[in-house]
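J.: Sending over a structure as structure tokens; questions will come in a sec.
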Amino acid sequence: MRSRRYDPDLTPPWQRQAPVPEVPAEADLVVEEVGTGFCGAVIRCEKTAQGPTVTLEDRFGKHRVFPMEPRGFLLEGKVVTLVRPAAAGPAGPRLTASGSIAVPGARARVARAGRIYVEGRHDAELVERVWGDDLRIEGVVVEYLEGVDDLPEIVRAFSPGPDARLGVLVDHLVPGSKESRIAARVTGEDVLVVGHPFVDIWQAVKPSSLGIAGWPAVPHGQDWKTGVCRALGWPENTGAAWQRILGAVRSYRDLEPELLGAVERLIDHVTAG
């Protein structure tokens with residue numbers, strides 16, 4: 001007599017789900033969460049007490065965290081199971097915070113005669129945070145101004161030329177503003193003034209990177225940074241607030257496109273030729 005072998009899975013065959021591929025949740029992989037329809041790029045995976053999770057960022061910069069459940073995501077319209085990626089090996093190139101390919105063992109270049117000026121210390125620290133590696137490779141020094149009122153005199157004293165180009169990053173550079181009129185006076189073949197539309201460099205950091213819904217509106221006449229701290233319920237210590245903001249910046253992904261494009265234009269200008 002032949003013995004009978006029983007399948008341990010007692011689910012009727014017509015109710016069984018076909019197996020789906022397991023896909024490593026590598027950074028930048030774009031998937032859709034099946035339950036909510038949220039679509040975004042993988043930012044990171046984390047191990048929690050409830051199991052592994054994945055953080056996605058949509059095209060508006062919004063972050064959502066989802067459990068990495070079986071059959072939980074769509075990849076190019078097909079159901080998949082996301083799994084934690086294997087430990088990174090040495091094969092792929094390392095990227096700098098700006099997204100450039102890092103040059104292993106590269107030494108800082110001797111400083112160029114050209115310079116990039118930014119309006120304040122916070123601006124300089126943010127530029128260093130994201131573009132520091134690139135600037136050292138290119139030999140570009142960043143210095144900061146205290147406002148732009150004296151920019152024409154600073155440019156004259158600098159004496160820019162083809163071998164000593166000058167780039168300037170200005171806050172709140174919008175048509176008709178005082179800053180735009182000053183920029184027009186100094187802009188030339190060897191001087192490039194670019195800006196961003198934000199009231200302060202703080203706003204160039206994506207709110208989602210800080211876990212806030214957006215930058216609050218501050219009433220006219222009130223100190224903007226103090227007003228932001230008050231509106232967000234932070235201690236009214238702007239120095240501590242800035243360290244909190246700067247600490248949330250890990251790469252170019254945490255910055256608004258308006259700032260990214262402006263700084264890249266300045267670097268290209270100063271290093272041209």
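Identifiers in the structure tokens: chain A, B, ... in order shown; residue index from 1 per chain; ligand index from 1 in order shown.
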Mind the document's chain letters and residue numbers, and return as a ChimeraX atom specification the residues of region 86-259 of chain A that DSSP labels alpha helix (DSSP H).
T.: /A:121-138,151-158,178-186,207-210,224-232,238-247,257-259
J.: Please extract the residues of region 96-266 of chain A with a backbone DSSP assignment of strand (DSSP E or B) and present them as a count of residues only.
T.: 24
J.: Contacts of region 147-151 of chain A at 12 Å or less, counting only C-alpha atoms, minus same-chain residues fewer than 5 places along, as a ChimeraX atom specification?
T.: /A:117-121,123,156-158,166-173,177-187,191,193,195,200
J.: Using only C-alpha atoms for the distances, tell me which of A:Pro160, A:Gly114, A:Gly77, A:Pro19 is nearest to Gly37 (chain A).
T.: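 Smallest separation from Gly37 (chain A) among the options: A:Gly77.
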J.: What does the structure give for the distance between CA of Gly161 (chain A) and CA of Leu126 (chain A), in Å to one decimal?
T.: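 Rounded to one decimal, the two atoms are 27.1 Å apart.
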J.: Closest to Tyr252 (chain A) among A:Ala240, A:Val205, A:Leu29, A:Ile212, using only C-alpha atoms?
T.: A:Val205
J.: Determine the nearest neighbour of Leu259 (chain A) from the options A:Phe66, A:Trp131, A:Phe60, A:Phe38, counting only C-alpha atoms.
T.: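 Of the candidates, the smallest distance to Leu259 (chain A) is held by A:Trp131.
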J.: Could you check the closest approach to Ala204 (chain A) for each of A:Glu189, A:Glu256, A:Asp134, A:Asp163 and tell me which residue wins, using only C-alpha atoms?
T.: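 For Ala204 (chain A), the nearest of the candidates is A:Glu256.
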J.: So what do you get for CA of Tyr144 (chain A) versus CA of Gly132 (chain A), distance-wise?
T.: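 Computing the Euclidean distance for CA of Tyr144 (chain A) and CA of Gly132 (chain A) yields 14.7 Å.
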